[in-house]
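work16.cif (mmCIF, C-alpha atoms) appears below.
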data_work
loop_
_atom_site.label_atom_id
_atom_site.label_comp_id
_atom_site.auth_asym_id
_atom_site.auth_seq_id
_atom_site.Cartn_x
_atom_site.Cartn_y
_atom_site.Cartn_z
CA MET A 1 78.81 -7.40 -7.93
CA SER A 2 78.51 -6.59 -4.23
CA ASP A 3 80.96 -4.20 -2.63
CA ALA A 4 83.54 -5.25 -0.06
CA ALA A 5 83.97 -4.10 3.52
CA THR A 6 87.52 -3.90 4.79
CA PRO A 7 88.03 -5.80 8.06
CA SER A 8 89.91 -4.38 11.03
CA VAL A 9 92.40 -7.26 11.18
CA PRO A 10 95.96 -5.81 11.12
CA ARG A 11 97.24 -7.81 8.15
CA GLY A 12 101.00 -8.29 8.11
CA GLU A 13 101.76 -6.47 11.36
CA PHE A 14 102.38 -9.67 13.31
CA ASP A 15 104.34 -12.69 12.15
CA PHE A 16 101.60 -15.20 12.85
CA GLN A 17 101.84 -18.78 11.69
CA HIS A 18 98.09 -19.11 11.27
CA ARG A 19 96.66 -17.11 8.38
CA PRO A 20 93.16 -16.90 6.91
CA GLU A 21 93.95 -18.87 3.77
CA THR A 22 92.29 -22.14 2.70
CA ASP A 23 91.86 -24.53 -0.22
CA GLN A 24 88.11 -24.68 0.47
CA SER A 25 85.60 -22.57 -1.44
CA PHE A 26 83.04 -20.27 0.08
CA GLU A 27 80.18 -21.94 -1.80
CA ASN A 28 81.12 -25.40 -0.54
CA ALA A 29 81.43 -24.13 3.03
CA LEU A 30 78.06 -22.39 2.85
CA ALA A 31 76.40 -25.50 1.39
CA LYS A 32 77.70 -27.54 4.33
CA ALA A 33 76.47 -24.94 6.79
CA ARG A 34 73.01 -24.90 5.23
CA ALA A 35 72.83 -28.70 5.29
CA GLY A 36 73.78 -28.81 8.96
CA ASP A 37 77.00 -30.73 8.32
CA ARG A 38 79.82 -30.33 10.83
CA LEU A 39 82.17 -27.59 9.66
CA THR A 40 85.95 -27.79 9.46
CA VAL A 41 88.36 -24.98 10.33
CA ALA A 42 88.72 -24.25 6.60
CA ASP A 43 84.93 -24.02 6.26
CA GLY A 44 84.75 -21.61 9.18
CA ILE A 45 87.47 -19.38 7.74
CA GLU A 46 85.67 -19.22 4.39
CA LEU A 47 82.41 -18.20 6.06
CA LEU A 48 84.04 -15.69 8.40
CA THR A 49 85.97 -14.01 5.57
CA THR A 50 83.17 -14.53 2.99
CA GLY A 51 85.78 -16.24 0.84
CA THR A 52 89.56 -16.14 0.94
CA ASP A 53 89.73 -15.73 -2.84
CA ARG A 54 88.98 -12.02 -2.60
CA PRO A 55 89.93 -9.17 -0.25
CA GLY A 56 87.55 -7.70 2.30
CA ILE A 57 84.08 -8.84 3.27
CA ASP A 58 81.60 -9.39 0.44
CA ARG A 59 78.31 -7.97 1.69
CA GLU A 60 76.08 -10.18 -0.46
CA ARG A 61 77.91 -13.29 0.69
CA LYS A 62 77.77 -12.05 4.27
CA GLU A 63 73.99 -11.84 4.11
CA ARG A 64 73.84 -15.44 2.94
CA VAL A 65 75.91 -16.53 5.94
CA LEU A 66 73.67 -14.54 8.30
CA GLU A 67 70.57 -16.08 6.74
CA ALA A 68 71.93 -19.60 7.22
CA ALA A 69 72.80 -18.86 10.85
CA ASP A 70 69.40 -17.32 11.59
CA ARG A 71 67.68 -20.36 10.09
CA ARG A 72 69.84 -22.64 12.24
CA ARG A 73 68.96 -20.58 15.31
CA ALA A 74 65.26 -20.99 14.61
CA GLU A 75 65.68 -24.75 14.18
CA VAL A 76 67.66 -25.15 17.41
CA VAL A 77 65.97 -22.78 19.85
CA GLY A 78 62.93 -21.33 18.11
CA GLU A 79 61.74 -17.73 18.45
CA GLU A 80 62.43 -17.13 22.13
CA VAL A 81 65.00 -14.53 23.17
CA THR A 82 66.17 -15.07 26.72
CA PHE A 83 67.65 -12.84 29.40
CA VAL A 84 68.63 -13.23 33.03
CA ALA A 85 68.09 -10.94 36.03
CA ASN A 86 71.61 -10.57 37.37
CA LEU A 87 74.12 -8.43 39.22
CA ASN A 88 77.81 -7.94 38.49
CA ASN A 89 79.81 -7.83 41.71
CA ASN A 90 83.45 -7.68 40.69
CA VAL A 91 85.52 -7.80 43.88
CA THR A 92 88.70 -5.94 42.98
CA THR A 93 90.43 -4.10 40.16
CA ALA A 94 93.86 -4.77 41.67
CA CYS A 95 95.92 -6.80 39.20
CA ASN A 96 99.42 -6.91 37.79
CA THR A 97 99.03 -9.49 35.02
CA GLY A 98 99.55 -6.77 32.42
CA CYS A 99 97.07 -7.79 29.70
CA LEU A 100 97.30 -5.26 26.88
CA PHE A 101 93.59 -5.39 26.02
CA CYS A 102 92.40 -4.53 29.51
CA ASN A 103 91.80 -1.26 31.30
CA PHE A 104 89.68 -2.79 34.05
CA LYS A 105 92.62 -3.54 36.32
CA ASP A 106 94.74 -1.12 38.35
CA ARG A 107 98.35 -1.95 39.21
CA SER A 108 98.18 -3.78 42.51
CA GLU A 109 101.11 -1.79 43.90
CA GLN A 110 98.81 1.23 44.05
CA PHE A 111 96.56 -0.55 46.56
CA ARG A 112 99.30 -1.01 49.16
CA THR A 113 99.20 1.13 52.28
CA SER A 114 102.68 2.43 51.46
CA HIS A 115 101.49 3.91 48.14
CA GLU A 116 100.88 7.64 47.96
CA GLY A 117 98.23 9.00 45.63
CA ASP A 118 94.87 7.96 44.25
CA HIS A 119 94.38 5.09 41.82
CA GLY A 120 90.64 5.10 41.06
CA GLY A 121 90.24 1.38 41.66
CA PHE A 122 88.40 -0.60 44.30
CA THR A 123 88.51 -3.68 46.49
CA LYS A 124 85.54 -5.08 48.38
CA THR A 125 85.67 -7.07 51.58
CA PRO A 126 83.56 -10.24 51.82
CA ALA A 127 81.16 -8.37 54.12
CA GLU A 128 80.71 -5.64 51.50
CA SER A 129 80.12 -8.23 48.78
CA ARG A 130 77.50 -9.92 50.93
CA GLU A 131 75.66 -6.66 51.54
CA ILE A 132 75.65 -5.78 47.84
CA VAL A 133 74.38 -9.20 46.76
CA ALA A 134 71.79 -9.45 49.55
CA ASP A 135 70.33 -6.09 48.52
CA ALA A 136 70.15 -7.19 44.87
CA VAL A 137 68.47 -10.49 45.80
CA GLU A 138 65.81 -8.54 47.70
CA ARG A 139 65.23 -6.53 44.52
CA GLY A 140 64.66 -9.71 42.51
CA ILE A 141 67.94 -10.82 40.90
CA TYR A 142 68.94 -14.48 41.03
CA GLU A 143 72.42 -14.52 39.51
CA VAL A 144 75.55 -12.79 40.70
CA THR A 145 78.48 -12.73 38.30
CA SER A 146 81.89 -11.96 39.73
CA VAL A 147 85.07 -11.62 37.66
CA SER A 148 87.94 -9.82 39.35
CA GLY A 149 91.55 -8.77 39.08
CA LEU A 150 94.25 -11.08 40.43
CA HIS A 151 94.88 -9.31 43.72
CA PRO A 152 98.21 -10.53 45.18
CA ALA A 153 96.60 -10.99 48.62
CA PHE A 154 94.00 -13.41 47.26
CA ALA A 155 94.39 -17.04 48.32
CA LEU A 156 91.95 -19.89 47.83
CA ASP A 157 91.34 -20.42 51.56
CA SER A 158 93.17 -20.39 54.90
CA GLU A 159 95.16 -23.52 54.03
CA HIS A 160 96.33 -21.96 50.78
CA ARG A 161 97.26 -18.72 52.55
CA GLU A 162 99.46 -20.62 55.02
CA ILE A 163 101.24 -22.31 52.11
CA LEU A 164 101.82 -18.98 50.38
CA GLU A 165 103.05 -17.24 53.52
CA THR A 166 105.55 -19.97 54.40
CA SER A 167 106.82 -20.48 50.86
CA GLU A 168 110.32 -19.29 49.97
CA ARG A 169 109.43 -18.90 46.30
CA GLU A 170 109.48 -15.35 44.97
CA ASP A 171 107.42 -15.97 41.82
CA LEU A 172 104.02 -16.54 43.42
CA ASN A 173 102.58 -13.02 43.09
CA TYR A 174 101.59 -13.02 46.75
CA ARG A 175 101.63 -10.37 49.45
CA PRO A 176 99.86 -10.57 52.84
CA PRO A 177 96.53 -8.72 53.17
CA ALA A 178 98.04 -6.52 55.90
CA GLU A 179 100.11 -4.73 53.23
CA TYR A 180 97.00 -3.45 51.48
CA GLU A 181 94.53 -0.69 52.24
CA LYS A 182 91.66 -3.19 52.20
CA ASN A 183 91.58 -6.95 52.74
CA PRO A 184 89.71 -8.86 49.98
CA GLY A 185 89.67 -12.00 52.14
CA ASN A 186 90.14 -15.17 50.14
CA TYR A 187 88.21 -16.75 47.26
CA VAL A 188 86.24 -19.11 49.49
CA ASP A 189 85.33 -16.18 51.79
CA GLN A 190 84.03 -14.19 48.83
CA ILE A 191 82.05 -17.07 47.33
CA GLU A 192 80.47 -17.85 50.70
CA ALA A 193 79.66 -14.15 51.16
CA MET A 194 77.97 -13.88 47.77
CA SER A 195 76.01 -17.11 48.20
CA VAL A 196 73.02 -15.34 49.75
CA GLY A 197 69.35 -16.32 49.78
CA GLY A 198 69.46 -18.90 47.03
CA VAL A 199 71.23 -16.72 44.46
CA HIS A 200 73.22 -18.45 41.71
CA VAL A 201 76.93 -17.62 42.02
CA HIS A 202 78.67 -17.46 38.62
CA SER A 203 82.36 -16.85 39.25
CA MET A 204 86.00 -18.02 39.20
CA THR A 205 87.40 -17.91 35.67
CA PRO A 206 90.22 -20.31 34.71
CA GLU A 207 92.67 -17.47 35.31
CA GLU A 208 91.32 -16.92 38.82
CA ALA A 209 91.44 -20.67 39.47
CA TYR A 210 95.11 -20.64 38.44
CA HIS A 211 95.71 -17.79 40.90
CA ALA A 212 93.88 -19.84 43.56
CA ARG A 213 96.28 -22.79 43.26
CA ARG A 214 99.62 -21.06 42.75
CA GLY A 215 102.43 -22.44 44.89
CA THR A 216 100.64 -25.78 45.45
CA ASP A 217 100.43 -29.14 43.75
CA TRP A 218 96.62 -29.02 43.85
CA SER A 219 94.69 -29.91 40.73
CA TYR A 220 92.06 -27.66 39.22
CA GLU A 221 89.53 -30.26 40.32
CA GLU A 222 90.57 -29.71 43.95
CA VAL A 223 90.27 -25.94 43.59
CA PHE A 224 86.84 -26.05 42.01
CA ARG A 225 85.63 -28.69 44.48
CA ARG A 226 86.46 -26.39 47.40
CA LEU A 227 84.80 -23.46 45.67
CA LYS A 228 81.71 -25.51 44.90
CA ASP A 229 81.48 -26.51 48.56
CA ALA A 230 81.60 -22.78 49.40
CA GLY A 231 78.61 -22.03 47.15
CA LEU A 232 79.97 -21.66 43.62
CA ASP A 233 77.30 -22.73 41.09
CA SER A 234 78.87 -22.19 37.67
CA VAL A 235 82.06 -20.92 36.04
CA PRO A 236 82.35 -18.11 33.46
CA GLY A 237 84.49 -19.08 30.50
CA THR A 238 86.17 -15.71 30.29
CA ALA A 239 89.94 -15.12 30.24
CA ALA A 240 89.74 -17.15 27.02
CA GLU A 241 90.40 -14.14 24.76
CA ILE A 242 91.74 -16.07 21.72
CA LEU A 243 92.64 -19.70 22.39
CA VAL A 244 95.69 -19.67 20.15
CA ASP A 245 98.98 -19.17 21.94
CA GLU A 246 100.67 -17.04 19.27
CA VAL A 247 97.95 -14.43 19.83
CA ARG A 248 98.02 -14.76 23.62
CA GLU A 249 101.77 -14.12 23.56
CA VAL A 250 101.05 -10.70 22.04
CA ILE A 251 98.01 -9.52 24.00
CA CYS A 252 98.33 -11.31 27.36
CA PRO A 253 101.78 -12.93 27.81
CA GLY A 254 101.30 -13.04 31.59
CA LYS A 255 98.16 -15.15 31.40
CA ILE A 256 97.76 -18.91 31.33
CA GLY A 257 98.09 -20.60 27.95
CA THR A 258 95.43 -22.26 25.86
CA ASP A 259 95.99 -25.78 27.20
CA GLU A 260 95.77 -24.67 30.82
CA TRP A 261 92.58 -22.71 30.17
CA LEU A 262 91.03 -25.81 28.65
CA GLU A 263 92.30 -27.97 31.53
CA ALA A 264 90.68 -25.68 34.09
CA MET A 265 87.36 -25.61 32.25
CA ALA A 266 87.30 -29.39 31.95
CA ALA A 267 88.06 -29.66 35.68
CA ALA A 268 85.13 -27.39 36.56
CA ALA A 269 82.87 -29.66 34.54
CA THR A 270 84.33 -32.75 36.20
CA VAL A 271 83.23 -31.59 39.65
CA GLY A 272 79.72 -30.84 38.37
CA LEU A 273 79.84 -27.13 37.57
CA ASP A 274 78.18 -25.69 34.46
CA THR A 275 80.33 -23.32 32.41
CA THR A 276 80.01 -20.73 29.70
CA ALA A 277 82.56 -19.94 27.00
CA THR A 278 83.65 -16.70 25.35
CA ILE A 279 85.82 -15.26 22.61
CA MET A 280 87.27 -11.74 22.72
CA TYR A 281 87.98 -10.75 19.12
CA GLY A 282 88.72 -7.71 16.98
CA HIS A 283 92.25 -6.80 18.11
CA VAL A 284 95.45 -8.32 16.67
CA GLU A 285 94.11 -11.75 15.68
CA ASN A 286 92.85 -12.81 12.25
CA GLU A 287 89.97 -15.01 11.13
CA ALA A 288 92.06 -18.18 11.24
CA HIS A 289 92.64 -17.61 14.96
CA ARG A 290 88.95 -16.98 15.56
CA VAL A 291 87.90 -20.22 13.94
CA ARG A 292 90.60 -22.24 15.71
CA HIS A 293 89.21 -20.79 18.92
CA LEU A 294 85.73 -22.01 17.97
CA ASP A 295 87.16 -25.42 17.16
CA ARG A 296 88.68 -25.71 20.64
CA ILE A 297 85.42 -24.69 22.28
CA ARG A 298 83.52 -27.28 20.23
CA ASP A 299 86.00 -29.97 21.22
CA LEU A 300 85.76 -28.96 24.90
CA GLN A 301 81.98 -29.25 24.71
CA GLU A 302 82.31 -32.70 23.11
CA ARG A 303 84.33 -33.79 26.14
CA THR A 304 82.34 -32.09 28.90
CA GLY A 305 78.84 -31.16 27.74
CA ALA A 306 78.95 -28.44 30.39
CA ILE A 307 78.88 -25.26 28.25
CA THR A 308 75.46 -23.63 28.51
CA GLU A 309 76.16 -20.68 26.18
CA PHE A 310 78.79 -19.11 23.96
CA VAL A 311 79.44 -15.38 24.25
CA PRO A 312 81.30 -13.49 21.48
CA LEU A 313 82.80 -10.30 22.96
CA SER A 314 83.80 -7.59 20.52
CA PHE A 315 87.00 -5.85 21.65
CA VAL A 316 86.48 -2.30 22.94
CA HIS A 317 89.78 -0.70 22.07
CA GLU A 318 89.54 2.81 23.53
CA GLU A 319 91.61 3.43 26.66
CA THR A 320 93.44 0.11 26.49
CA PRO A 321 97.21 -0.45 26.31
CA LEU A 322 96.85 -1.96 22.81
CA ALA A 323 95.49 1.36 21.60
CA ASP A 324 97.90 3.45 23.66
CA ARG A 325 100.85 1.60 22.13
CA GLY A 326 99.53 1.98 18.60
CA MET A 327 99.07 -1.76 18.15
CA VAL A 328 95.41 -1.29 17.18
CA ASN A 329 93.43 1.73 16.07
CA SER A 330 89.95 0.22 16.09
CA GLY A 331 87.97 -2.82 17.09
CA ALA A 332 86.02 -5.17 14.86
CA THR A 333 83.77 -3.74 12.15
CA THR A 334 80.01 -4.24 12.28
CA HIS A 335 80.34 -6.75 9.44
CA GLU A 336 82.86 -8.74 11.45
CA ASP A 337 80.62 -8.62 14.51
CA GLU A 338 77.67 -10.02 12.58
CA LEU A 339 79.76 -12.75 10.98
CA MET A 340 81.28 -13.70 14.33
CA ILE A 341 77.82 -14.31 15.78
CA ALA A 342 76.69 -16.19 12.68
CA VAL A 343 79.71 -18.44 12.34
CA SER A 344 79.63 -19.17 16.06
CA ARG A 345 76.07 -20.47 15.63
CA LEU A 346 76.98 -22.55 12.58
CA TYR A 347 80.29 -23.92 13.87
CA LEU A 348 79.31 -24.69 17.46
CA ASP A 349 76.77 -27.36 16.61
CA ASN A 350 76.89 -28.74 20.17
CA VAL A 351 76.35 -25.45 22.05
CA GLU A 352 72.68 -24.54 22.17
CA HIS A 353 72.77 -20.85 23.04
CA VAL A 354 74.70 -17.91 21.55
CA GLN A 355 74.58 -14.58 23.32
CA SER A 356 74.35 -11.05 21.93
CA SER A 357 75.99 -8.53 24.29
CA TRP A 358 74.19 -5.18 24.37
CA VAL A 359 77.08 -3.90 26.51
CA LYS A 360 79.47 -4.47 23.59
CA TYR A 361 77.17 -3.78 20.62
CA GLY A 362 74.61 -1.32 21.94
CA ASP A 363 70.85 -1.79 21.75
CA ALA A 364 70.21 -1.47 18.01
CA GLN A 365 73.12 -3.63 16.89
CA GLY A 366 72.56 -6.02 19.78
CA LEU A 367 69.03 -6.61 18.48
CA LYS A 368 70.40 -7.08 14.97
CA MET A 369 72.62 -9.87 16.29
CA LEU A 370 69.44 -11.73 17.28
CA THR A 371 68.78 -12.09 13.54
CA CYS A 372 72.32 -13.30 12.89
CA GLY A 373 72.18 -16.47 14.98
CA ALA A 374 72.07 -15.27 18.60
CA ASP A 375 69.18 -16.15 20.90
CA ASP A 376 70.19 -14.75 24.30
CA PHE A 377 70.32 -11.04 25.12
CA MET A 378 72.49 -11.04 28.22
CA GLY A 379 71.24 -9.81 31.61
CA THR A 380 70.05 -6.84 33.60
CA ILE A 381 73.58 -6.22 34.99
CA LEU A 382 72.93 -3.93 37.93
CA SER A 383 76.64 -3.04 37.75
CA GLU A 384 79.12 -3.39 34.89
CA GLU A 385 82.65 -2.05 35.23
CA ILE A 386 84.88 -3.93 32.77
CA THR A 387 83.60 -2.60 29.45
CA LYS A 388 82.94 0.86 30.92
CA ARG A 389 86.55 1.19 32.06
CA ALA A 390 87.74 0.21 28.58
CA GLY A 391 85.74 3.04 27.03
CA GLY A 392 82.40 1.36 26.34
CA GLY A 393 79.41 3.67 26.48
CA PHE A 394 76.30 1.51 26.23
CA GLY A 395 75.15 1.67 29.82
CA GLU A 396 75.16 -0.42 32.95
CA CYS A 397 71.62 -1.64 33.58
CA ARG A 398 68.66 -3.00 31.68
CA SER A 399 65.10 -3.28 32.97
CA VAL A 400 62.71 -6.16 32.26
CA ARG A 401 60.39 -3.62 30.61
CA GLU A 402 63.14 -2.60 28.19
CA TYR A 403 63.84 -6.23 27.39
CA ALA A 404 60.17 -6.98 26.72
CA ASP A 405 59.73 -3.94 24.50
CA MET A 406 62.90 -4.43 22.46
CA ILE A 407 62.54 -8.17 21.92
CA SER A 408 58.87 -8.02 21.00
CA ALA A 409 59.59 -5.13 18.62
CA ILE A 410 61.63 -7.47 16.38
CA GLY A 411 58.90 -10.10 16.42
CA ARG A 412 60.53 -12.45 18.91
CA VAL A 413 59.32 -13.76 22.28
CA PRO A 414 60.90 -12.29 25.46
CA VAL A 415 61.71 -14.98 28.03
CA GLU A 416 63.17 -14.58 31.50
CA ARG A 417 65.54 -17.49 32.20
CA SER A 418 67.66 -19.01 34.92
CA THR A 419 71.44 -19.08 34.54
CA ASP A 420 71.41 -22.68 33.32
CA TYR A 421 68.39 -22.13 31.03
CA THR A 422 66.35 -24.83 32.80
CA GLU A 423 63.78 -22.38 34.18
CA ARG A 424 61.99 -20.11 31.72
CA ARG A 425 59.13 -17.62 31.95
CA ARG A 426 57.54 -15.92 28.96
CA VAL A 427 57.15 -12.19 29.57
CA ASP A 428 53.98 -10.39 28.49
CA PRO A 429 55.01 -7.01 27.03
CA SER A 430 51.51 -5.65 27.61
CA ALA A 431 51.60 -6.21 31.37
CA GLU A 432 51.20 -3.06 33.46
CA GLN A 433 54.24 -3.88 35.61
CA LEU A 434 57.26 -5.90 34.56
CA GLY A 435 59.99 -7.26 36.81
CA PRO A 436 61.79 -10.56 37.42
CA LYS A 437 59.87 -13.48 38.88
CA LEU A 438 62.32 -16.40 38.85
CA GLY A 439 64.49 -15.21 41.76
CA PRO A 440 64.13 -16.49 45.32
CA GLN A 441 62.63 -13.15 46.39
CA ALA A 442 61.40 -11.90 43.00
CA ASP A 443 57.76 -10.84 42.88
CA GLY A 444 57.58 -8.98 39.57
CA THR A 445 58.56 -5.61 41.02
CA PRO A 446 60.73 -3.68 38.51
CA LEU A 447 64.46 -3.80 39.26
CA VAL A 448 64.82 -0.20 38.13
CA PRO A 449 62.21 2.46 37.38
CA ASP A 450 60.78 2.10 33.87
CA ARG A 451 62.11 4.69 31.45
#
Output the file's structure in the form of structure tokens.
Amino acid sequence: MSDAATPSVPRGEFDFQHRPETDQSFENALAKARAGDRLTVADGIELLTTGTDRPGIDRERKERVLEAADRRRAEVVGEEVTFVANLNNNVTTACNTGCLFCNFKDRSEQFRTSHEGDHGGFTKTPAESREIVADAVERGIYEVTSVSGLHPAFALDSEHREILETSEREDLNYRPPAEYEKNPGNYVDQIEAMSVGGVHVHSMTPEEAYHARRGTDWSYEEVFRRLKDAGLDSVPGTAAEILVDEVREVICPGKIGTDEWLEAMAAAATVGLDTTATIMYGHVENEAHRVRHLDRIRDLQERTGAITEFVPLSFVHEETPLADRGMVNSGATTHEDELMIAVSRLYLDNVEHVQSSWVKYGDAQGLKMLTCGADDFMGTILSEEITKRAGGGFGECRSVREYADMISAIGRVPVERSTDYTERRRVDPSAEQLGPKLGPQADGTPLVPDR
């Protein structure tokens, strides 16, 4: 009999309604997965737990789930492993939402000119963002991803700022830019600034879109339409965390709820913007929450067809308030990570691509995830602050040479891709020089010196 691996889920610590218990059997769920039948929530829970009739993760059963997911991956996308040449340009760490899983933000009060002392955070003006992105485009990148804190001085545009400044409401989380040491401009300013030289701008999470319409009666469609006109090309489906409100009430009570997140994502799709989707797991939630999250993503994709990829994000617990308060003492186990990738592939039968994050898993485990159902290996990420500030230690940048070497080493085909996966270029690992070629100014020159 195979041994069991204890999961990191904090059983019994939280009075959650949803629990990982089903009347389904693991064998039935696995048979459905192998046959390509659409899975139910109960099926997903059985696969993610390797059976609710026994404690812990059964390693032999886990391998059978991974095998089924890898076979499905091969059927859906073949042997190619994709990556994108991109830059992270997060605009500000100023935020006062108070999410307990996050150490990226810095209390916005510390950014005011009246504050004394250092805070270690940053805010970029639109001009600074433009300079950073323009330099990266010249080096060959073609995607800029921007996910930022909810700076109180941020407004959607000049019309929104006028509404905020004349409002008598005190619950809008707004202060004029003049009160801060640096002016972030507004969201439209920043999107226009980053839309340089044909680069693809991937920005404005549902949470940021909520911030960009506070105090108005504007719909999410109106917000995303204005942002699209400013140069926004696609929307990252982050701020999802776990799309079950009883979990959100514990880890991020100041954030929008599940229904509003889904409403914003559907609105982005309505105005013609592609989206991605994520899950951030391995903290206080259990497997029932994870699968319900997958179910909501699958339903959203049924309605919109706009999700280009799904990105499981393993919680990095060090240096976060959840750890500081003793609410967690670890993140997900490696077994849980592998099963999360696998069950995502099997459950999300209408999402073509599943990403393995080397920032979260590291190189070796990130490559292992490519045999568990994942087919995308993230991007070059010329800057990455969020995971680093939470205690992650797997680096900030990846060269095309490293991608080619690692992907070919596991017998798969390295492919440079566009953000929306419509443009692809197979990379020859034996080439003397390797760099991006899909960008508007990319000529194959390495982004960073080969190591």
Centre and size of axis-aligned box enclosing stretch 32-50 of chain A plus 4 Å each side, as JSON:
{"center_x": 80.8, "center_y": -22.4, "center_z": 6.9, "size_x": 23.9, "size_y": 24.7, "size_z": 15.8}
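Proximity to A:Arg248 was assessed for A:Val311, A:Leu367, A:Leu382, A:Leu100 counting all atoms listed in the file; the smallest distance is recorded for A:Leu100.
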Output check: residues returned by the PyMOL selection byres ((chain A and resi 253) around 12), as a tab-separated table (two decimals) with C-alpha atoms, keeping the file's coordinate frame:
chain	number	residue	atom	x	y	z
A	96	ASN	CA	99.42	-6.91	37.79
A	97	THR	CA	99.03	-9.49	35.02
A	98	GLY	CA	99.55	-6.77	32.42
A	99	CYS	CA	97.07	-7.79	29.70
A	100	LEU	CA	97.30	-5.26	26.88
A	101	PHE	CA	93.59	-5.39	26.02
A	241	GLU	CA	90.40	-14.14	24.76
A	244	VAL	CA	95.69	-19.67	20.15
A	245	ASP	CA	98.98	-19.17	21.94
A	246	GLU	CA	100.67	-17.04	19.27
A	247	VAL	CA	97.95	-14.43	19.83
A	248	ARG	CA	98.02	-14.76	23.62
A	249	GLU	CA	101.77	-14.12	23.56
A	250	VAL	CA	101.05	-10.70	22.04
A	251	ILE	CA	98.01	-9.52	24.00
A	252	CYS	CA	98.33	-11.31	27.36
A	254	GLY	CA	101.30	-13.04	31.59
A	255	LYS	CA	98.16	-15.15	31.40
A	256	ILE	CA	97.76	-18.91	31.33
A	257	GLY	CA	98.09	-20.60	27.95
A	258	THR	CA	95.43	-22.26	25.86
task: Decode the PyMOL selection byres ((chain A and resi 127) around 12) for the given file into explicit residues and return them as a list in words.
output: Val91, Thr123, Lys124, Thr125, Pro126, Glu128, Ser129, Arg130, Glu131, Ile132, Val133, Ala134, Lys182, Asn183, Pro184, Gly185, Asn186, Asp189, Gln190, Ile191, Glu192, Ala193, Met194, Ser195 and Val196 of chain A
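The nearest approach to A:Pro176 among the residues A:Glu416, A:Glu79, A:Glu162, A:Glu338, with only C-alpha atoms taken into account, belongs to A:Glu162.
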task: For the structure provided, state which residues fall under the PyMOL selection byres ((chain A and resi 429) around 8), and present them as a count of residues only.
output: 9
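Minimum distance to A:Arg73 across A:Arg34, A:Gly149, A:Tyr421, A:Thr334 (counting only C-alpha atoms) occurs at A:Arg34.
Distance-wise, atom CA of A:Gly362 and atom CA of A:Phe83 end up 15.4 Å apart.
Comparing the minimum interatomic distances between A:Glu75 and each of A:Ala332, A:Ala364, A:Leu346, A:Val235, counting all atoms listed in the file, we find that A:Leu346 sits nearest.
Atom pair atom CA of A:Thr166 / atom CA of A:Glu208 has a distance of 21.3 Å (rounded to one decimal).
Distances to A:Asp443 were evaluated for A:Met280, A:Ala68, A:Ala153, A:Ile141 using all atoms listed in the file, and the minimum falls at A:Ile141.
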- prompt: Need the neighbours of (94.0, -21.9, 24.1): which residues are at most 12 Å away, counting only C-alpha atoms, as a PyMOL selection string?
  reply: chain A and resi 206+237-249+252+255-265+277-279+289-297+299-300
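Our summary of the geometry notes that atom CA of A:Tyr281 is positioned 27.2 Å from atom CA of A:Gly120.
With distances restricted to all atoms listed in the file, A:Ala269 is the closest residue to A:Arg225 from A:His335, A:Pro446, A:Ala269, A:Glu67.
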